[in-house]
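Undergrad: Can you keep this structure in mind? I'll have questions shortly.
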Amino acid sequence: MAITKTVRVRLAPSPTGEVHIGTIWMAQFNWLFARQHDGAFVLRIEDTDQNRLVPGSVEHIYEALDWYELQPDEGPLQGGPYGPYIQSQRLDFYRQYAYQLVEQGSGYYCFCTSERLAELRQMQTAAKQAPRYDKKCVAIPPEQSRARVAAGEPAVVRLNIPVHGTIVHHDLVRGNVTFALDVLDDSVLMKSDGWPTYHLAVVVDDHLMNISHVIRAEEWLPSVPKHLLLYRAFGWDAPIFAHLPLILGSDRQKLSKRHGATSALTFRDEGFLSEAMQNFLVLMGWHPKGNEEILSRQQVLKQFRLEQINQAGAFFDRAKLEWINGAYIRSLEPASLVERLAPWWHIPSGASVSAEWKLRAVKAVRERMKKLTDVNELINFAFPAVWDQEFSLFNRQLLIPPKGSERAVKDNLAWTAKWLAGQSEPWSAGELKKQMISAIAAAGRLNAEALWPLRVALTLRAASPDVFDMLELLGKTESLRRVRSFVS
RNA sequence: GCCGCCAUCGUCUAGUCCGGUCUAGGACAUCGGCUUUUCAAGCCGGUAACCCGGGUUCGAAUCCCGGUGGCGGUACCA
């Protein structure tokens, strides 16, 4: 594809609450496209529906874009040459252009009441017709409607869609799409409260902000002919459009709150890494050339092509997300994993742990983590207070090895306690392992029968990190204390 | 209802434009094995898909037609 003009793309969310993961998904493709073409990624807040505003939403949007590393080049916060970037601050533009439309006859004032509209819709639906406005007010002579507006009568401005003909739209990901004009509704462009609707605002702003490519969700595809008609009426060149599929929930419908977490920031709060989320998100709808699916933003930037995005909606697969996140966690240096863990790792108050201890603990559990939040369940039993608490509720059946007998447990534990008591500190997992394995053999015991109860005694869990790692982590005194709790 | 989009393993997808190299490839999940003191991780292997029906062609996942299904839109929401 030959890009002839400067690439300018935009993300245009409505500040109606938490940021949907689909918004971020869309944002990443816009961002990627802008970066690849040395263009600008613009953030524009579409707050023309004052009834749906949720305070704090704009801050959420920034927080989310920040966390996903999709910072805009222009927007309400960073400014830019095409501001303001909040639609509620651009009302004069919309009014001016709506007026122009009416003057040209491409739009018209409509005075129909919501009651009449509802009635009309009801009749049409009953008659199995497509519900749409019947163009009643288009017949009102212009000077008459101007006078009524001037007299203060409530009115909306509608788009005057031709009753015949077709309009062809060329979409970057979908090719040519043809729409028949006679089934289109004369949409409201300006509401009676003087605020624009999406259709007007988006066209005016995309033009005024010199947007070159509109990359947005498929749900907008049906309104493309209206937008194209508006560009035509204004005598403007339309941007290039790319309509991307929707992210689907488990029931294959548009992903929504019903499907669980959809807020972009809850993934951060659940312990997913930003880079893993980025990787997962780009894999929905797009695929690299080779077989390797773990790839950084930089690698994606090299081979991403907007036209390659899939046309079918993708199911949000949490299992794969968790796998990717685990892979990223494993690839982190233990020291930096410790840092990343800080906000999620609940270290009991009163427990004093060194940085070095944390590092060892993290090394023992990193391969088992899918999410950063897993750290608590995976290792916190190492803290004496946590162990004590769990000990009181512990089911001793767990001490019996899968193939072992209950009777052997106590004997093995007693032997182990005695052997451990004879070892001198500092002890290391590697040395302990070497010594203990040979001691077990020398005593005529079996690894499985000796080691399983030991490990369960130390961790109180059927599944846990390696027993020697645990011995090293806990130290001699605490290890012995735990084992002896079961022997005496 | 009407308009539009879409359709390959359970899931994400490669392949479709330029028909043969596809007895359809990869990844996740799942199942089995190896390793082994548990669980992971790692390695090895298995199960598993071209929505259906016609047509064009020597040959179709790929092209054409017709169905079916899913989704989206159909607001003074975006």
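A note on labels: chains of the structure tokens are A, B, ... as shown, every chain counts residues from 1, and ligands are counted from 1 in their shown order.
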I'd like the neighbourhood of B:C65 as a list of chain:residue names, where a residue qualifies if any of its atoms comes within 12 Å (using only C-alpha atoms (C1' of nucleotides)), though same-chain residues fewer than 3 positions away should be ignored.
TA: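 Result of the neighbour search: B:G53, B:G54, B:G55, B:U56.
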Undergrad: Write the residues of the selection above to a file with N, CA and C atoms (P, O5', C5', C4', C3', O3' and C1' of nucleotides), as a PDB file, in the first residue's frame.
TA:
```pdb
ATOM      1  P     G B  53     -21.995 -31.532   1.558  1.00  0.00           P
ATOM      2  O5'   G B  53     -22.919 -30.890   0.442  1.00  0.00           O
ATOM      3  C5'   G B  53     -24.316 -31.184   0.430  1.00  0.00           C
ATOM      4  C4'   G B  53     -24.981 -30.441  -0.694  1.00  0.00           C
ATOM      5  C3'   G B  53     -24.234 -30.492  -2.012  1.00  0.00           C
ATOM      6  O3'   G B  53     -24.464 -31.720  -2.683  1.00  0.00           O
ATOM      7  C1'   G B  53     -24.952 -28.280  -1.610  1.00  0.00           C
ATOM      8  P     G B  54     -23.596 -32.074  -3.977  1.00  0.00           P
ATOM      9  O5'   G B  54     -24.413 -31.265  -5.071  1.00  0.00           O
ATOM     10  C5'   G B  54     -23.830 -31.047  -6.311  1.00  0.00           C
ATOM     11  C4'   G B  54     -24.436 -29.830  -6.952  1.00  0.00           C
ATOM     12  C3'   G B  54     -23.544 -29.294  -8.044  1.00  0.00           C
ATOM     13  O3'   G B  54     -23.743 -30.034  -9.238  1.00  0.00           O
ATOM     14  C1'   G B  54     -24.092 -27.524  -6.619  1.00  0.00           C
ATOM     15  P     G B  55     -22.490 -30.752  -9.883  1.00  0.00           P
ATOM     16  O5'   G B  55     -21.838 -29.513 -10.634  1.00  0.00           O
ATOM     17  C5'   G B  55     -22.657 -28.755 -11.532  1.00  0.00           C
ATOM     18  C4'   G B  55     -22.077 -27.387 -11.729  1.00  0.00           C
ATOM     19  C3'   G B  55     -20.694 -27.351 -12.352  1.00  0.00           C
ATOM     20  O3'   G B  55     -20.765 -27.568 -13.742  1.00  0.00           O
ATOM     21  C1'   G B  55     -20.822 -25.789 -10.585  1.00  0.00           C
ATOM     22  P     U B  56     -19.604 -28.333 -14.488  1.00  0.00           P
ATOM     23  O5'   U B  56     -18.473 -27.218 -14.498  1.00  0.00           O
ATOM     24  C5'   U B  56     -18.659 -26.010 -15.230  1.00  0.00           C
ATOM     25  C4'   U B  56     -17.451 -25.128 -15.063  1.00  0.00           C
ATOM     26  C3'   U B  56     -16.122 -25.836 -15.295  1.00  0.00           C
ATOM     27  O3'   U B  56     -15.810 -25.892 -16.681  1.00  0.00           O
ATOM     28  C1'   U B  56     -15.999 -24.566 -13.306  1.00  0.00           C
TER      29        U B  56
END
```
Undergrad: Pull out every residue of chain A that has at least one atom within 7 Å of chain B, counting only C-alpha atoms (C1' of nucleotides), and report them as a PyMOL selection string.
TA: chain A and resi 14+128-130+156+188+191-192+198+219+222+253+284+287+291+293+311-312+317+319-320+367-368+447-448+451-452+462-464
Undergrad: Using atom CA of A:Tyr68 and atom CA of A:Val9 as the two end points, give the distance in Å to one decimal.
TA: 17.6 Å
Undergrad: Please provide as a list in words all residues within 10 Å of A:Ile240, with the sequence filter that same-chain residues fewer than 4 positions apart are discarded (counting only C-alpha atoms (C1' of nucleotides)).
TA: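 Near A:Ile240, the qualifying residues are His169, His170, Asp171, Leu172, Ile211, Ser212, His213, Val214 and Ile215 of chain A.
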Undergrad: Store the residues of this selection in a file with N, CA and C atoms, as a PDB file, in the first residue's frame.
TA:
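So the final result, stored in selection_7.pdb, reads:
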```
ATOM      1  N   HIS A 169     -18.041   1.723  -0.839  1.00  0.00           N
ATOM      2  CA  HIS A 169     -17.012   2.055   0.134  1.00  0.00           C
ATOM      3  C   HIS A 169     -15.853   1.091  -0.039  1.00  0.00           C
ATOM      4  N   HIS A 170     -14.650   1.614  -0.111  1.00  0.00           N
ATOM      5  CA  HIS A 170     -13.506   0.715  -0.173  1.00  0.00           C
ATOM      6  C   HIS A 170     -12.847   0.646   1.190  1.00  0.00           C
ATOM      7  N   ASP A 171     -12.847  -0.545   1.742  1.00  0.00           N
ATOM      8  CA  ASP A 171     -12.307  -0.719   3.078  1.00  0.00           C
ATOM      9  C   ASP A 171     -10.963  -1.435   3.006  1.00  0.00           C
ATOM     10  N   LEU A 172     -10.036  -0.964   3.824  1.00  0.00           N
ATOM     11  CA  LEU A 172      -8.695  -1.531   3.790  1.00  0.00           C
ATOM     12  C   LEU A 172      -8.644  -2.997   4.191  1.00  0.00           C
ATOM     13  N   ILE A 211      -7.165  13.599   9.847  1.00  0.00           N
ATOM     14  CA  ILE A 211      -6.977  12.156  10.046  1.00  0.00           C
ATOM     15  C   ILE A 211      -6.883  11.474   8.684  1.00  0.00           C
ATOM     16  N   SER A 212      -5.852  10.663   8.506  1.00  0.00           N
ATOM     17  CA  SER A 212      -5.649  10.014   7.204  1.00  0.00           C
ATOM     18  C   SER A 212      -6.287   8.632   7.147  1.00  0.00           C
ATOM     19  N   HIS A 213      -6.248   7.916   8.266  1.00  0.00           N
ATOM     20  CA  HIS A 213      -6.785   6.568   8.298  1.00  0.00           C
ATOM     21  C   HIS A 213      -7.677   6.378   9.510  1.00  0.00           C
ATOM     22  N   VAL A 214      -8.884   5.961   9.263  1.00  0.00           N
ATOM     23  CA  VAL A 214      -9.794   5.687  10.364  1.00  0.00           C
ATOM     24  C   VAL A 214      -9.809   4.175  10.587  1.00  0.00           C
ATOM     25  N   ILE A 215      -9.183   3.769  11.679  1.00  0.00           N
ATOM     26  CA  ILE A 215      -9.115   2.346  12.008  1.00  0.00           C
ATOM     27  C   ILE A 215     -10.025   2.160  13.208  1.00  0.00           C
TER      28      ILE A 215
END
```
Undergrad: Please identify the helix (DSSP H, G or I) residues within stretch 380-475 of chain A (assignment by DSSP from backbone atoms) and present them as a PyMOL selection string.
TA: chain A and resi 380-382+384-391+396-399+406-421+429-442+447-459+467-475
Undergrad: Neighbouring residues of stretch 470-480 of chain A were defined as those with any atom within 10 Å, considering only C-alpha atoms (C1' of nucleotides); residues of the same chain fewer than 3 positions away were excluded. Please report them as a ChimeraX atom specification.
TA: /A:357-358,360-361,364,379,382-384,416-418,420-421,423-433,454-455,457-459,464-467,483-485
Undergrad: Enumerate the residues of stretch 119-187 of chain A with a DSSP assignment of strand (DSSP E), computed from the backbone, and present them as a PyMOL selection string.
TA: chain A and resi 156-159+166-171+175-180
Undergrad: Which is closest to A:Leu120 among A:Lys136, A:Trp25, A:Trp345, A:Leu248, if we use only C-alpha atoms?
TA: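 Distance minimum relative to A:Leu120 lands on A:Lys136.
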